[in-house]
Structures are given as C-alpha cells and as structure tokens.
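Report on the following structure.
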Amino acid sequence: MAKILVVAEHLNGQLNAATAKTLSAALAVSAESIDIVVLAADPAAVATQAAQLAGVARVLTVTNAANEHAVAQLLGPQIAQLAGQGYSHVFGPSTTFGKDLMPVVAALLGVNQISDLMSVEDAYTFKRPIYAGNAIITVKAPADQIVIATVRSASWPEAAAGGSATVEAVTVDAALPTHTRFVDLAAGSSDRPDLQSAKRVVSGGRGVGSAENFQHIYSLADKLGAAVGASRAAVDAGYVPNELQVGQTGKIIAPELYVAIGISGAIQHLTGIKDAGTIVAINKDPESPIFEIADIGLVGDLFTLLPELEQALG
C-alpha cells in the first residue's frame, strides 16, 4: 500500500491553500497513510493548521534555523532523508515553492519527477497537461521507485477540514550544503488576497490602456474582495509588475470567480484560467476569443461599465 508524504507550503506562520489541494491529490491515491511535513524555524502554528485537514494521519515537524526561509537546496536534503523512511510517494504543490523544491528532492533520490499532476488513475499512473494545457498525457511511474510529484493546484479542490492528526516532532540529521544560503527576500506588500490562492480574481489586459487606468481594476477588485491579475500584454506594456501575470508564462489559477477586463483572450492567457469556476468577460470587441469560454460576457466600454458595476455593488 502507498504511504505518502505531503510537503507543506507556508509563509509567515500561515499554511498555503495549495497544501490542502496537494492533499486532495494524495487522497485520490487511496494510500494506507498520508503524512504532512512542516519544515520551519518554528513550525508549531503551521503544524496546528495542517493537523486540521481531514485525511492526514500525522503532521511531522522539522525544526531548524536553516528552515526559516524556503531555500530549496536546504529543504531538499531533509525531505529526501524523510522520504527514505518508508514513503512510496512525496507530493508538493506546483507553485513557485514546489517547482523549486521538488526537483531537488527527486535529484537527491535519483528518480524522475512528475510535474503538474492533475488526476490519479492508480498509485503509479497519473495524468498531466502538456502543450500549454492543450493536450493531456498519461504518465506511468515505476512501481519499484519512490514517486516525486508536483500537484497542479488548479485541478484539485482544497481538502476538507475537520481532521485531528497527531503532531510529531522529528529529527533530521541530513548534511546541508554550505554554499547555498538565504540572502534577502524582496516581496511586494498588499492587503489583497494572494493571486494564486484567491477565490476571486479581477484581471486587466492591454485594453485597460495605461498604468493609471489600471486603478479601475484595483477599485473593482477591492469591492469584490478579490486579487488582481493581468494578461501578459498588460505586463509587457508596463501597466503592472510581472508578479500579477496570469497565463502560461505567469500563474495558473482556478478561482471561483474570474473577471477579465480588456483582455482579448490569447491562448496563453486562457491556459491559466481554464479551471476557473465562473468567468466574466468585459470587452468592447464582441469577436474577442475570451467570450468563447466566458460564462458571462459584457460587450461595451470598460470605462462605462466598471463604474456602473461598482455602483451596483454598493
């Protein structure tokens, strides 16, 4: 029977929602047991949150000052050592964190990594997207090797709460590299929800016209309690920073509500939102490709429609 280790992603003492989605993929394997590992300088708060997820047998905590920041080259050896303690699978989220970390774990264990796992056929057979999501392939992992995989969070719901897993401190004596160290983290500050885990997202495209006009996008997002995103065209035009880009070369998201404003709907952008719940498109061009996938479409000038929408929202 499969025994799975899920790597928790967290920041500032808060468990990232991508961890609960990764757990959903682990549950689909029908494993004998599923553990979550929290690596941090002080893992207590995150471990408490992880223990409340249904389906988790144990939450393992690895306390080390080196784990204060998520440096893949430092976390990788510790996870690889834990993985060797009887686990058949190690899953991590397909986020910036997971995409950086899991290849390190796979390399240390001498196996290939499976990327962007989107469905489970059995314990060693999975499906994942290729060609910007335009095709799906089936991947068969060797049954005699440990499976290391990143889980496409846009394809999975968050695992339910209501669990009461045991929290267990473990000691890992893996040799950590001395040539890699944390130097600094430059991160933007915002009171808005995180783009990758937000349940509501309002995005603007090149049709918004300028960085100044993007204030209309921020204003509507604040009314909805939503995160703000953008198309690549808007980012390339300098309207917003790259961290807000949604799409094949940006962030792949699956919010419950996605509002696309002034976005034509290039295939690269649609790849990033195809798993969204309800898609609302606002564009003055009725022939825009975005309307082909939108659940609700509004044809008109965004500078006329957005004030009306905000007024209706109160």
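Here, A, B, ... name the chains of the structure tokens in the order displayed, residue numbers run from 1 inside each chain, and ligands are numbered from 1 in the same displayed order.
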
Residues of region 138-218 of chain A that approach region 4-15 of chain A to 12 Å or less, counting only C-alpha atoms: could you list each one with the shortest pair of atoms and its distance in Å to one decimal, rows by chain and increasing residue number, as CSV?
```
residue,atom,partner,partner_atom,distance
A:Ile146,CA,A:Ile4,CA,9.8
A:Val147,CA,A:Ile4,CA,9.2
A:Ile148,CA,A:Leu5,CA,9.7
A:Ala149,CA,A:Val6,CA,9.9
A:Thr150,CA,A:Val7,CA,9.9
A:Val151,CA,A:Val6,CA,10.2
A:Ala187,CA,A:Leu11,CA,12.0
A:Asp194,CA,A:Leu11,CA,11.5
A:Ser197,CA,A:Leu15,CA,11.3
```

- Message: Set the distance at 9 Å and use only C-alpha atoms: which residues neighbour Ile290 (chain A) once local chain neighbours fewer than 4 positions away are removed? I'd like the list as a ChimeraX atom specification.
- Response: /A:260,263-266,270,281-283,294,297

Just write the chosen residues, N, CA and C atoms, as a PDB file, in the first residue's frame.
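selection03.pdb, written as the output of this step:
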```
ATOM      1  N   ALA A 260     -12.380  39.101 -16.347  1.00  0.00           N
ATOM      2  CA  ALA A 260     -11.369  39.518 -17.324  1.00  0.00           C
ATOM      3  C   ALA A 260     -11.827  40.810 -17.982  1.00  0.00           C
ATOM      4  N   ILE A 263      -9.313  42.119 -21.852  1.00  0.00           N
ATOM      5  CA  ILE A 263      -8.431  41.004 -22.224  1.00  0.00           C
ATOM      6  C   ILE A 263      -9.027  40.301 -23.436  1.00  0.00           C
ATOM      7  N   SER A 264      -8.265  40.197 -24.511  1.00  0.00           N
ATOM      8  CA  SER A 264      -8.793  39.601 -25.738  1.00  0.00           C
ATOM      9  C   SER A 264      -8.973  38.097 -25.614  1.00  0.00           C
ATOM     10  N   GLY A 265      -8.039  37.445 -24.924  1.00  0.00           N
ATOM     11  CA  GLY A 265      -8.172  36.004 -24.723  1.00  0.00           C
ATOM     12  C   GLY A 265      -7.207  35.176 -25.545  1.00  0.00           C
ATOM     13  N   ALA A 266      -5.947  35.571 -25.573  1.00  0.00           N
ATOM     14  CA  ALA A 266      -4.930  34.762 -26.254  1.00  0.00           C
ATOM     15  C   ALA A 266      -4.836  33.399 -25.581  1.00  0.00           C
ATOM     16  N   LEU A 270      -5.666  32.026 -21.702  1.00  0.00           N
ATOM     17  CA  LEU A 270      -6.754  31.086 -21.411  1.00  0.00           C
ATOM     18  C   LEU A 270      -6.242  29.837 -20.708  1.00  0.00           C
ATOM     19  N   ALA A 281     -16.358  38.137 -18.698  1.00  0.00           N
ATOM     20  CA  ALA A 281     -15.504  38.892 -19.618  1.00  0.00           C
ATOM     21  C   ALA A 281     -16.147  40.222 -19.977  1.00  0.00           C
ATOM     22  N   ILE A 282     -15.343  41.277 -19.946  1.00  0.00           N
ATOM     23  CA  ILE A 282     -15.785  42.610 -20.351  1.00  0.00           C
ATOM     24  C   ILE A 282     -14.832  43.100 -21.430  1.00  0.00           C
ATOM     25  N   ASN A 283     -15.370  43.319 -22.636  1.00  0.00           N
ATOM     26  CA  ASN A 283     -14.533  43.739 -23.756  1.00  0.00           C
ATOM     27  C   ASN A 283     -15.418  44.438 -24.785  1.00  0.00           C
ATOM     28  N   ALA A 294     -16.151  32.396 -21.776  1.00  0.00           N
ATOM     29  CA  ALA A 294     -16.785  33.133 -20.681  1.00  0.00           C
ATOM     30  C   ALA A 294     -18.178  32.589 -20.380  1.00  0.00           C
ATOM     31  N   GLY A 297     -20.716  37.383 -20.513  1.00  0.00           N
ATOM     32  CA  GLY A 297     -19.977  38.343 -21.319  1.00  0.00           C
ATOM     33  C   GLY A 297     -20.682  39.685 -21.379  1.00  0.00           C
TER      34      GLY A 297
END
```

- With a distance cut-off of 8 Å and only C-alpha atoms, select the neighbouring residues of Ala66 (chain A), excluding the residue or stretch itself and same-chain residues fewer than 3 positions from it, and output the selection as a PyMOL selection string. chain A and resi 40-41+69+74

- Query: Got a sec: who's within 9 Å of region 42-45 of chain A, counting only C-alpha atoms, leaving out chain neighbours fewer than 2 positions off, as a PyMOL selection string?
  - Reply: chain A and resi 13-15+38-40+47-50+61-65+67-68+167

Dump as an mmCIF file, in the first residue's frame, selection limited to N, CA and C atoms:
```
data_model
loop_
_atom_site.group_PDB
_atom_site.id
_atom_site.type_symbol
_atom_site.label_atom_id
_atom_site.label_comp_id
_atom_site.auth_asym_id
_atom_site.auth_seq_id
_atom_site.Cartn_x
_atom_site.Cartn_y
_atom_site.Cartn_z
ATOM 1 N N GLY A 13 3.829 31.897 9.090
ATOM 2 C CA GLY A 13 3.008 31.149 10.027
ATOM 3 C C GLY A 13 1.656 30.725 9.502
ATOM 4 N N GLN A 14 1.415 30.897 8.209
ATOM 5 C CA GLN A 14 0.135 30.530 7.613
ATOM 6 C C GLN A 14 0.327 29.441 6.563
ATOM 7 N N LEU A 15 -0.485 28.404 6.649
ATOM 8 C CA LEU A 15 -0.438 27.312 5.680
ATOM 9 C C LEU A 15 -1.044 27.774 4.365
ATOM 10 N N VAL A 38 6.141 19.685 7.909
ATOM 11 C CA VAL A 38 6.305 21.132 8.011
ATOM 12 C C VAL A 38 7.747 21.412 8.407
ATOM 13 N N LEU A 39 8.483 22.061 7.539
ATOM 14 C CA LEU A 39 9.866 22.432 7.830
ATOM 15 C C LEU A 39 9.905 23.931 8.088
ATOM 16 N N ALA A 40 10.365 24.325 9.267
ATOM 17 C CA ALA A 40 10.388 25.742 9.628
ATOM 18 C C ALA A 40 11.313 25.958 10.808
ATOM 19 N N ALA A 47 1.841 23.675 11.807
ATOM 20 C CA ALA A 47 1.514 22.277 12.099
ATOM 21 C C ALA A 47 0.097 22.151 12.644
ATOM 22 N N THR A 48 -0.314 23.087 13.476
ATOM 23 C CA THR A 48 -1.672 23.067 14.025
ATOM 24 C C THR A 48 -2.703 23.189 12.910
ATOM 25 N N GLN A 49 -2.442 24.056 11.957
ATOM 26 C CA GLN A 49 -3.356 24.216 10.821
ATOM 27 C C GLN A 49 -3.385 22.957 9.961
ATOM 28 N N ALA A 50 -2.225 22.384 9.706
ATOM 29 C CA ALA A 50 -2.148 21.182 8.874
ATOM 30 C C ALA A 50 -2.856 20.006 9.526
ATOM 31 N N THR A 61 6.987 17.640 12.148
ATOM 32 C CA THR A 61 7.625 18.958 12.186
ATOM 33 C C THR A 61 9.137 18.799 12.249
ATOM 34 N N VAL A 62 9.820 19.559 11.422
ATOM 35 C CA VAL A 62 11.283 19.576 11.405
ATOM 36 C C VAL A 62 11.718 20.994 11.757
ATOM 37 N N THR A 63 12.228 21.151 12.954
ATOM 38 C CA THR A 63 12.637 22.470 13.440
ATOM 39 C C THR A 63 14.124 22.680 13.204
ATOM 40 N N ASN A 64 14.426 23.737 12.469
ATOM 41 C CA ASN A 64 15.823 24.046 12.165
ATOM 42 C C ASN A 64 15.897 25.520 11.781
ATOM 43 N N ALA A 65 16.851 26.230 12.325
ATOM 44 C CA ALA A 65 17.004 27.648 11.985
ATOM 45 C C ALA A 65 17.213 27.839 10.490
ATOM 46 N N ASN A 67 15.640 26.463 8.257
ATOM 47 C CA ASN A 67 14.350 26.350 7.578
ATOM 48 C C ASN A 67 13.494 27.604 7.709
ATOM 49 N N GLU A 68 14.082 28.667 8.233
ATOM 50 C CA GLU A 68 13.303 29.899 8.405
ATOM 51 C C GLU A 68 12.804 30.424 7.067
ATOM 52 N N VAL A 167 0.517 15.564 15.885
ATOM 53 C CA VAL A 167 1.687 16.369 15.531
ATOM 54 C C VAL A 167 2.905 15.760 16.212
#
```

Contact residues around Lys140 (chain A) with only C-alpha atoms at 9 Å, ignoring same-chain residues under 3 positions, as an mmCIF file with C-alpha atoms, in the first residue's frame:
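Now in selection35.cif:
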```cif
data_model
loop_
_atom_site.group_PDB
_atom_site.id
_atom_site.type_symbol
_atom_site.label_atom_id
_atom_site.label_comp_id
_atom_site.auth_asym_id
_atom_site.auth_seq_id
_atom_site.Cartn_x
_atom_site.Cartn_y
_atom_site.Cartn_z
ATOM 1 C CA TYR A 124 1.565 4.850 -10.144
ATOM 2 C CA THR A 125 -0.459 6.175 -13.077
ATOM 3 C CA PHE A 126 -1.250 9.862 -13.439
ATOM 4 C CA LYS A 127 -2.362 12.440 -15.975
ATOM 5 C CA ALA A 143 6.368 0.815 -9.110
#
```

- Message: Can you tell me which residues surround region 248-253 of chain A at a distance of at most 6 Å, considering only C-alpha atoms, apart from same-chain residues fewer than 3 positions away, and format the answer as a list in words?
- Response: Ala154, Gln196, Gln245, Gln268, Thr271, Gly272 and Ile273 of chain A
